[in-house]
file input_3.cif (mmCIF, C-alpha atoms)
data_structure
loop_
_atom_site.label_atom_id
_atom_site.label_comp_id
_atom_site.auth_asym_id
_atom_site.auth_seq_id
_atom_site.Cartn_x
_atom_site.Cartn_y
_atom_site.Cartn_z
CA MET A 1 23.11 -7.78 -1.29
CA GLU A 2 20.72 -5.14 -2.58
CA LEU A 3 17.58 -6.39 -4.30
CA MET A 4 16.72 -4.48 -7.47
CA TYR A 5 13.45 -4.15 -9.36
CA SER A 6 12.67 -4.13 -13.08
CA SER A 7 9.63 -3.84 -15.30
CA THR A 8 7.66 -6.90 -16.38
CA ARG A 9 8.15 -5.54 -19.91
CA ASN A 10 11.87 -4.74 -19.68
CA ASP A 11 14.35 -6.38 -17.32
CA LYS A 12 17.28 -4.19 -18.44
CA VAL A 13 16.44 -1.14 -16.30
CA LYS A 14 17.11 -1.72 -12.59
CA LEU A 15 15.63 0.36 -9.76
CA THR A 16 15.94 0.20 -6.00
CA ALA A 17 12.83 -0.52 -3.93
CA SER A 18 12.39 3.15 -2.97
CA GLN A 19 12.74 4.26 -6.60
CA ALA A 20 10.15 1.69 -7.71
CA ILE A 21 7.74 2.73 -4.95
CA LEU A 22 7.93 6.38 -6.01
CA LYS A 23 7.43 5.64 -9.71
CA GLY A 24 4.50 3.30 -9.16
CA LEU A 25 4.40 2.04 -12.75
CA ALA A 26 7.35 1.59 -15.07
CA ASP A 27 7.77 4.03 -17.95
CA ASP A 28 6.82 1.26 -20.38
CA GLY A 29 3.56 0.56 -18.53
CA GLY A 30 4.82 -2.60 -16.88
CA LEU A 31 4.74 -3.56 -13.22
CA PHE A 32 7.84 -3.52 -11.07
CA VAL A 33 8.93 -6.95 -9.85
CA PRO A 34 11.99 -8.03 -7.85
CA GLU A 35 14.82 -9.57 -9.85
CA ARG A 36 14.63 -12.58 -7.55
CA ILE A 37 12.49 -13.88 -4.68
CA PRO A 38 14.63 -13.73 -1.55
CA ALA A 39 14.67 -16.59 0.89
CA LEU A 40 13.08 -16.09 4.30
CA ASP A 41 15.73 -17.69 6.49
CA VAL A 42 13.69 -17.63 9.71
CA PRO A 43 12.51 -20.92 11.24
CA MET A 44 8.76 -21.48 11.13
CA ASP A 45 8.64 -22.01 14.89
CA THR A 46 10.24 -18.61 15.39
CA LEU A 47 7.81 -16.93 13.01
CA ALA A 48 4.87 -18.52 14.82
CA ASP A 49 5.84 -16.73 18.03
CA MET A 50 6.29 -13.32 16.39
CA SER A 51 3.81 -10.46 16.37
CA TYR A 52 2.36 -9.29 13.06
CA GLN A 53 4.71 -6.30 13.10
CA GLU A 54 7.76 -8.47 13.73
CA THR A 55 6.79 -10.87 10.95
CA ALA A 56 6.17 -7.95 8.60
CA TYR A 57 9.66 -6.66 9.25
CA GLU A 58 11.32 -10.02 8.62
CA VAL A 59 9.53 -10.39 5.28
CA MET A 60 9.75 -6.80 4.08
CA SER A 61 13.40 -6.37 5.02
CA ARG A 62 14.27 -9.04 2.44
CA PHE A 63 12.52 -7.09 -0.31
CA PHE A 64 13.21 -3.46 0.64
CA THR A 65 16.96 -3.73 1.01
CA ASP A 66 17.67 -0.01 0.55
CA PHE A 67 15.62 0.82 3.66
CA THR A 68 17.44 0.89 6.97
CA GLU A 69 16.15 -1.20 9.86
CA ASP A 70 14.92 1.92 11.66
CA GLU A 71 13.17 3.28 8.56
CA LEU A 72 11.33 0.05 7.88
CA LYS A 73 10.35 -0.56 11.50
CA ASP A 74 9.05 3.00 11.75
CA CYS A 75 6.84 2.46 8.67
CA ILE A 76 5.48 -0.77 10.11
CA LYS A 77 4.84 0.76 13.54
CA LYS A 78 2.85 3.65 12.04
CA ALA A 79 0.88 1.39 9.69
CA TYR A 80 -0.18 -1.43 11.99
CA ASP A 81 -1.32 0.29 15.14
CA SER A 82 -4.55 1.08 16.99
CA LYS A 83 -6.39 1.84 13.73
CA PHE A 84 -6.88 -1.94 13.61
CA ASP A 85 -9.54 -3.18 16.03
CA THR A 86 -7.48 -6.13 17.26
CA PRO A 87 -3.86 -6.12 18.50
CA GLU A 88 -3.14 -9.23 16.40
CA ILE A 89 -3.82 -7.14 13.25
CA ALA A 90 -4.61 -10.30 11.23
CA PRO A 91 -5.65 -13.02 13.71
CA LEU A 92 -5.74 -16.69 12.72
CA VAL A 93 -9.11 -18.05 13.86
CA ASP A 94 -10.11 -21.68 14.38
CA ALA A 95 -13.66 -22.33 13.17
CA ASP A 96 -14.65 -25.97 13.63
CA GLY A 97 -11.22 -27.25 12.65
CA ALA A 98 -10.75 -24.88 9.72
CA TYR A 99 -8.37 -21.98 10.15
CA TYR A 100 -9.07 -18.55 8.68
CA LEU A 101 -6.76 -15.54 8.52
CA GLU A 102 -8.99 -12.53 9.20
CA LEU A 103 -8.01 -9.54 7.08
CA PHE A 104 -10.99 -7.30 7.89
CA HIS A 105 -9.89 -5.64 11.12
CA GLY A 106 -8.57 -2.48 9.46
CA PRO A 107 -10.17 0.98 9.40
CA THR A 108 -12.36 0.27 6.35
CA ILE A 109 -13.06 -3.45 7.04
CA ALA A 110 -11.52 -4.30 3.65
CA PHE A 111 -8.61 -6.69 3.15
CA LYS A 112 -6.89 -3.94 1.19
CA ASP A 113 -6.24 -2.13 4.46
CA MET A 114 -3.37 -4.58 4.97
CA ALA A 115 -1.33 -3.12 2.10
CA LEU A 116 -2.72 0.40 1.92
CA SER A 117 -2.00 1.14 5.57
CA ILE A 118 1.74 0.92 5.02
CA LEU A 119 2.05 2.22 1.45
CA PRO A 120 1.86 5.94 2.44
CA HIS A 121 4.67 5.50 4.96
CA LEU A 122 6.84 3.63 2.45
CA LEU A 123 6.15 6.41 -0.05
CA ILE A 124 7.07 9.17 2.41
CA THR A 125 10.26 7.39 3.43
CA SER A 126 11.19 6.73 -0.20
CA ALA A 127 10.71 10.42 -1.07
CA GLU A 128 12.94 11.44 1.84
CA LYS A 129 15.62 8.92 0.84
CA ILE A 130 15.71 10.18 -2.74
CA GLN A 131 15.30 13.81 -1.58
CA VAL A 132 12.18 14.55 -3.60
CA LYS A 133 11.25 18.21 -3.09
CA ASN A 134 8.20 18.50 -5.33
CA ASP A 135 4.59 17.90 -4.27
CA ILE A 136 3.44 14.31 -4.78
CA VAL A 137 -0.06 13.81 -6.21
CA ILE A 138 -1.38 10.26 -6.34
CA LEU A 139 -4.29 9.54 -8.69
CA THR A 140 -6.23 6.30 -8.48
CA ALA A 141 -9.39 4.81 -9.95
CA THR A 142 -11.63 2.49 -7.98
CA SER A 143 -14.63 0.29 -8.61
CA GLY A 144 -15.34 -0.27 -4.93
CA ASP A 145 -13.50 -0.72 -1.65
CA THR A 146 -9.99 0.15 -2.87
CA GLY A 147 -10.78 3.85 -2.93
CA LYS A 148 -11.84 4.11 0.68
CA ALA A 149 -8.98 1.92 1.92
CA ALA A 150 -6.47 4.02 0.00
CA MET A 151 -7.97 7.31 1.21
CA ALA A 152 -7.91 6.12 4.82
CA GLY A 153 -4.27 5.12 4.46
CA PHE A 154 -3.16 8.42 2.93
CA ALA A 155 -5.37 10.78 4.96
CA ASP A 156 -3.34 13.54 6.64
CA VAL A 157 0.04 11.94 5.99
CA PRO A 158 2.75 14.56 6.58
CA GLY A 159 4.41 16.51 3.80
CA LYS A 160 3.22 17.65 0.40
CA ARG A 161 1.22 14.55 -0.51
CA ARG A 162 -2.23 14.71 -2.14
CA PHE A 163 -4.45 11.76 -2.93
CA ILE A 164 -7.32 11.85 -5.44
CA VAL A 165 -9.74 9.00 -6.13
CA PHE A 166 -11.96 8.70 -9.22
CA TYR A 167 -14.98 6.39 -9.01
CA PRO A 168 -17.93 5.66 -11.36
CA LYS A 169 -21.09 7.44 -10.24
CA ASN A 170 -23.81 4.82 -9.70
CA GLY A 171 -21.13 2.17 -10.25
CA VAL A 172 -20.29 1.50 -6.61
CA SER A 173 -22.54 0.59 -3.71
CA ARG A 174 -24.15 3.32 -1.62
CA VAL A 175 -22.07 2.25 1.38
CA GLN A 176 -18.82 2.45 -0.61
CA GLU A 177 -19.73 5.86 -1.99
CA MET A 178 -20.58 7.23 1.46
CA GLN A 179 -17.34 5.84 2.86
CA MET A 180 -15.36 7.77 0.25
CA VAL A 181 -17.22 11.09 0.25
CA THR A 182 -17.17 11.30 4.04
CA GLN A 183 -13.46 10.49 4.39
CA LYS A 184 -11.69 13.03 6.57
CA GLY A 185 -8.30 14.34 5.56
CA ALA A 186 -7.07 17.69 4.27
CA ASN A 187 -5.03 16.01 1.54
CA THR A 188 -7.66 13.62 0.12
CA SER A 189 -10.26 14.25 -2.59
CA VAL A 190 -12.82 12.08 -4.38
CA VAL A 191 -14.31 12.66 -7.84
CA ALA A 192 -17.38 10.91 -9.30
CA ILE A 193 -17.20 10.14 -13.02
CA HIS A 194 -20.27 9.56 -15.18
CA GLY A 195 -19.21 6.33 -16.83
CA ASN A 196 -17.60 3.06 -15.81
CA PHE A 197 -14.35 1.95 -14.21
CA ASP A 198 -12.52 2.12 -17.54
CA ASN A 199 -13.48 5.79 -17.81
CA ASP A 200 -12.01 6.34 -14.34
CA THR A 201 -8.76 4.77 -15.45
CA GLU A 202 -8.68 6.87 -18.62
CA ARG A 203 -9.08 10.05 -16.56
CA CYS A 204 -6.17 9.04 -14.36
CA GLN A 205 -3.98 8.25 -17.36
CA SER A 206 -4.89 11.49 -19.14
CA ALA A 207 -3.68 13.44 -16.11
CA PHE A 208 -0.17 12.37 -17.05
#
call {"tool": "encode", "arguments": {"input": "input_3.cif", "output": "structure tokens"}}
result
Amino acid sequence: MELMYSSTRNDKVKLTASQAILKGLADDGGLFVPERIPALDVPMDTLADMSYQETAYEVMSRFFTDFTEDELKDCIKKAYDSKFDTPEIAPLVDADGAYYLELFHGPTIAFKDMALSILPHLLITSAEKIQVKNDIVILTATSGDTGKAAMAGFADVPGKRRFIVFYPKNGVSRVQEMQMVTQKGANTSVVAIHGNFDNDTERCQSAF
């Protein structure tokens, strides 16, 4: 059964997962949410023996029902690869009896690498499924590590995809700024705004 998505402000309009991914935000400004939370019918003992990539597939396949198995596994394979500095991707570490899930092994050492590594591949696949022919330009505003993580994820992805980040000049740390302005990738750009994060967001919104 296909899982559909609707806006948090209007549950009447239904979109597939790939349509929601391409739109980003709903026309009414709401966020897309699934019409229901699907059950993960995999025993915990089985999940415990799976790799990160295998677990990701089991979870994501319940939510992205309009993706084929091959499409989804290809996205996962490209996202969670040697760009992470540990083969476990997100290892569970025992520290004096307390267990911690480490989410800092991605290319920018930010937990946001976990989601932003796969988003470009989901976007590309969604565009191919819906047969989008136009260039895709993604605008985002950041107040810190999101910008670099997003740029690293989208850098040099195939096709007509451009990614532009706005950030507040003197509003991020020197390390964060240097991470963004030195990002390699023919399709990525970064723009400093004299103002705060809200001004960044306003610039992004005005572009539409």
call {"tool": "resolve_selection", "arguments": {"input": "input_3.cif", "expression": "the PyMOL selection byres ((chain A and resi 152) around 9)", "output": "PyMOL selection string"}}
result
chain A and resi 107-108+113+116-117+147-151+153-156+180+183-185+188
call {"tool": "closest_atom_pairs", "arguments": {"input": "input_3.cif", "of": "segment 102-205 of chain A", "to": "segment 51-64 of chain A", "cutoff": "12 Å", "atoms": "all atoms listed in the file", "output": "JSON lines"}}
result
{"residue": "A:Leu103", "atom": "CA", "partner": "A:Tyr52", "partner_atom": "CA", "distance": 12.0}
{"residue": "A:Met114", "atom": "CA", "partner": "A:Ala56", "partner_atom": "CA", "distance": 10.7}
{"residue": "A:Ala115", "atom": "CA", "partner": "A:Ala56", "partner_atom": "CA", "distance": 11.0}
{"residue": "A:Ile118", "atom": "CA", "partner": "A:Ala56", "partner_atom": "CA", "distance": 10.5}
{"residue": "A:Leu122", "atom": "CA", "partner": "A:Phe64", "partner_atom": "CA", "distance": 9.7}
{"residue": "A:Thr125", "atom": "CA", "partner": "A:Phe64", "partner_atom": "CA", "distance": 11.6}
{"residue": "A:Ser126", "atom": "CA", "partner": "A:Phe64", "partner_atom": "CA", "distance": 10.4}
call {"tool": "resolve_selection", "arguments": {"input": "input_3.cif", "expression": "the PyMOL selection byres ((chain A and resi 123) around 12)", "output": "PyMOL selection string"}}
result
chain A and resi 17-24+67+71-72+75+116-122+124-132+136-138+153-154+157-162
call {"tool": "atom_distance", "arguments": {"input": "input_3.cif", "atom1": "atom CA of Val165 of chain A", "atom2": "atom CA of Asp81 of chain A"}}
result
24.5 Å
call {"tool": "atom_distance", "arguments": {"input": "input_3.cif", "atom1": "atom CA of Glu102 of chain A", "atom2": "atom CA of Ala90 of chain A"}}
result
5.3 Å
call {"tool": "closest_residue", "arguments": {"input": "input_3.cif", "among": "A:Asp66, A:Glu88, A:Glu177, A:Asp27", "to": "Leu101 of chain A", "atoms": "all atoms listed in the file"}}
result
A:Glu88
call {"tool": "atom_distance", "arguments": {"input": "input_3.cif", "atom1": "atom CA of Thr46 of chain A", "atom2": "atom CA of Val93 of chain A"}}
result
19.4 Å
call {"tool": "resolve_selection", "arguments": {"input": "input_3.cif", "expression": "the PyMOL selection byres ((chain A and resi 1) around 9)", "output": "MDAnalysis selection string"}}
result
chainID A and resid 2:3 65
call {"tool": "closest_residue", "arguments": {"input": "input_3.cif", "among": "A:Thr140, A:Thr16, A:Gln176, A:Asn170", "to": "Asn196 of chain A", "atoms": "all atoms listed in the file"}}
result
A:Asn170
call {"tool": "closest_residue", "arguments": {"input": "input_3.cif", "among": "A:Met50, A:Ser7, A:Val42, A:Met178", "to": "Gly29 of chain A", "atoms": "all atoms listed in the file"}}
result
A:Ser7
call {"tool": "closest_residue", "arguments": {"input": "input_3.cif", "among": "A:Ala79, A:Val175, A:Ala186, A:Ala26", "to": "Lys12 of chain A", "atoms": "all atoms listed in the file"}}
result
A:Ala26
call {"tool": "closest_residue", "arguments": {"input": "input_3.cif", "among": "A:Asn187, A:Thr86, A:Asp145, A:Thr8", "to": "Arg174 of chain A", "atoms": "only C-alpha atoms"}}
result
A:Asp145
call {"tool": "decode", "arguments": {"input": "input_3.cif", "residues": "segment 67-154 of chain A", "atoms": "C-alpha atoms", "output": "compact mmCIF listing (two decimals), in the first residue's frame"}}
result
# COMPACT_ATOMS: atom_id res chain seq x y z
CA PHE A 67 10.72 4.00 -4.86
CA THR A 68 11.70 0.60 -6.20
CA GLU A 69 14.01 -1.61 -4.16
CA ASP A 70 16.87 -0.99 -6.60
CA GLU A 71 16.34 2.78 -6.59
CA LEU A 72 16.34 3.02 -2.81
CA LYS A 73 19.30 0.69 -2.32
CA ASP A 74 21.28 2.65 -4.90
CA CYS A 75 20.61 5.91 -3.01
CA ILE A 76 21.70 4.33 0.26
CA LYS A 77 24.84 2.80 -1.27
CA LYS A 78 25.95 6.15 -2.71
CA ALA A 79 25.17 8.07 0.49
CA TYR A 80 26.73 5.86 3.15
CA ASP A 81 30.08 4.88 1.71
CA SER A 82 33.77 5.66 2.23
CA LYS A 83 33.05 9.36 2.84
CA PHE A 84 32.35 8.21 6.41
CA ASP A 85 35.51 7.44 8.37
CA THR A 86 34.15 4.22 9.88
CA PRO A 87 32.48 1.30 8.07
CA GLU A 88 29.77 1.18 10.76
CA ILE A 89 28.66 4.69 9.65
CA ALA A 90 27.05 5.35 13.07
CA PRO A 91 28.75 3.04 15.60
CA LEU A 92 27.22 2.35 19.01
CA VAL A 93 29.98 2.85 21.58
CA ASP A 94 30.10 1.59 25.17
CA ALA A 95 31.59 4.19 27.51
CA ASP A 96 31.67 2.96 31.11
CA GLY A 97 28.30 1.25 30.81
CA ALA A 98 26.60 4.06 28.91
CA TYR A 99 25.97 3.58 25.21
CA TYR A 100 26.34 6.40 22.71
CA LEU A 101 25.39 6.43 19.03
CA GLU A 102 28.17 8.38 17.30
CA LEU A 103 26.82 10.57 14.50
CA PHE A 104 30.00 12.53 13.77
CA HIS A 105 31.83 10.23 11.37
CA GLY A 106 30.60 11.96 8.21
CA PRO A 107 32.55 14.27 5.90
CA THR A 108 31.85 17.44 7.93
CA ILE A 109 31.86 15.84 11.42
CA ALA A 110 28.29 17.12 11.94
CA PHE A 111 25.32 14.90 12.79
CA LYS A 112 23.50 16.46 9.85
CA ASP A 113 25.71 14.44 7.52
CA MET A 114 23.44 11.49 8.31
CA ALA A 115 20.46 13.03 6.49
CA LEU A 116 22.20 15.33 4.04
CA SER A 117 24.34 12.57 2.57
CA ILE A 118 21.31 10.79 1.15
CA LEU A 119 19.03 13.74 0.35
CA PRO A 120 20.77 14.61 -2.98
CA HIS A 121 20.39 11.03 -4.20
CA LEU A 122 16.73 10.90 -3.20
CA LEU A 123 16.24 14.21 -5.01
CA ILE A 124 17.94 13.01 -8.19
CA THR A 125 15.97 9.77 -8.20
CA SER A 126 12.70 11.64 -7.55
CA ALA A 127 13.40 14.00 -10.46
CA GLU A 128 14.06 11.06 -12.76
CA LYS A 129 10.88 9.28 -11.63
CA ILE A 130 8.74 12.34 -12.29
CA GLN A 131 10.72 13.17 -15.46
CA VAL A 132 11.72 16.67 -14.43
CA LYS A 133 13.64 18.28 -17.30
CA ASN A 134 14.33 21.73 -15.87
CA ASP A 135 17.40 22.73 -13.85
CA ILE A 136 16.95 22.32 -10.09
CA VAL A 137 18.29 25.11 -7.88
CA ILE A 138 18.22 24.53 -4.13
CA LEU A 139 18.48 27.57 -1.87
CA THR A 140 19.15 27.22 1.84
CA ALA A 141 19.98 29.45 4.78
CA THR A 142 22.27 28.34 7.57
CA SER A 143 23.37 29.60 10.96
CA GLY A 144 26.20 27.09 11.27
CA ASP A 145 27.01 23.50 10.40
CA THR A 146 23.97 22.77 8.21
CA GLY A 147 25.42 24.74 5.31
CA LYS A 148 28.65 22.80 5.08
CA ALA A 149 26.94 19.43 5.54
CA ALA A 150 24.44 20.26 2.81
CA MET A 151 27.13 21.53 0.43
CA ALA A 152 29.21 18.39 0.97
CA GLY A 153 26.18 16.23 0.24
CA PHE A 154 25.22 18.04 -2.96
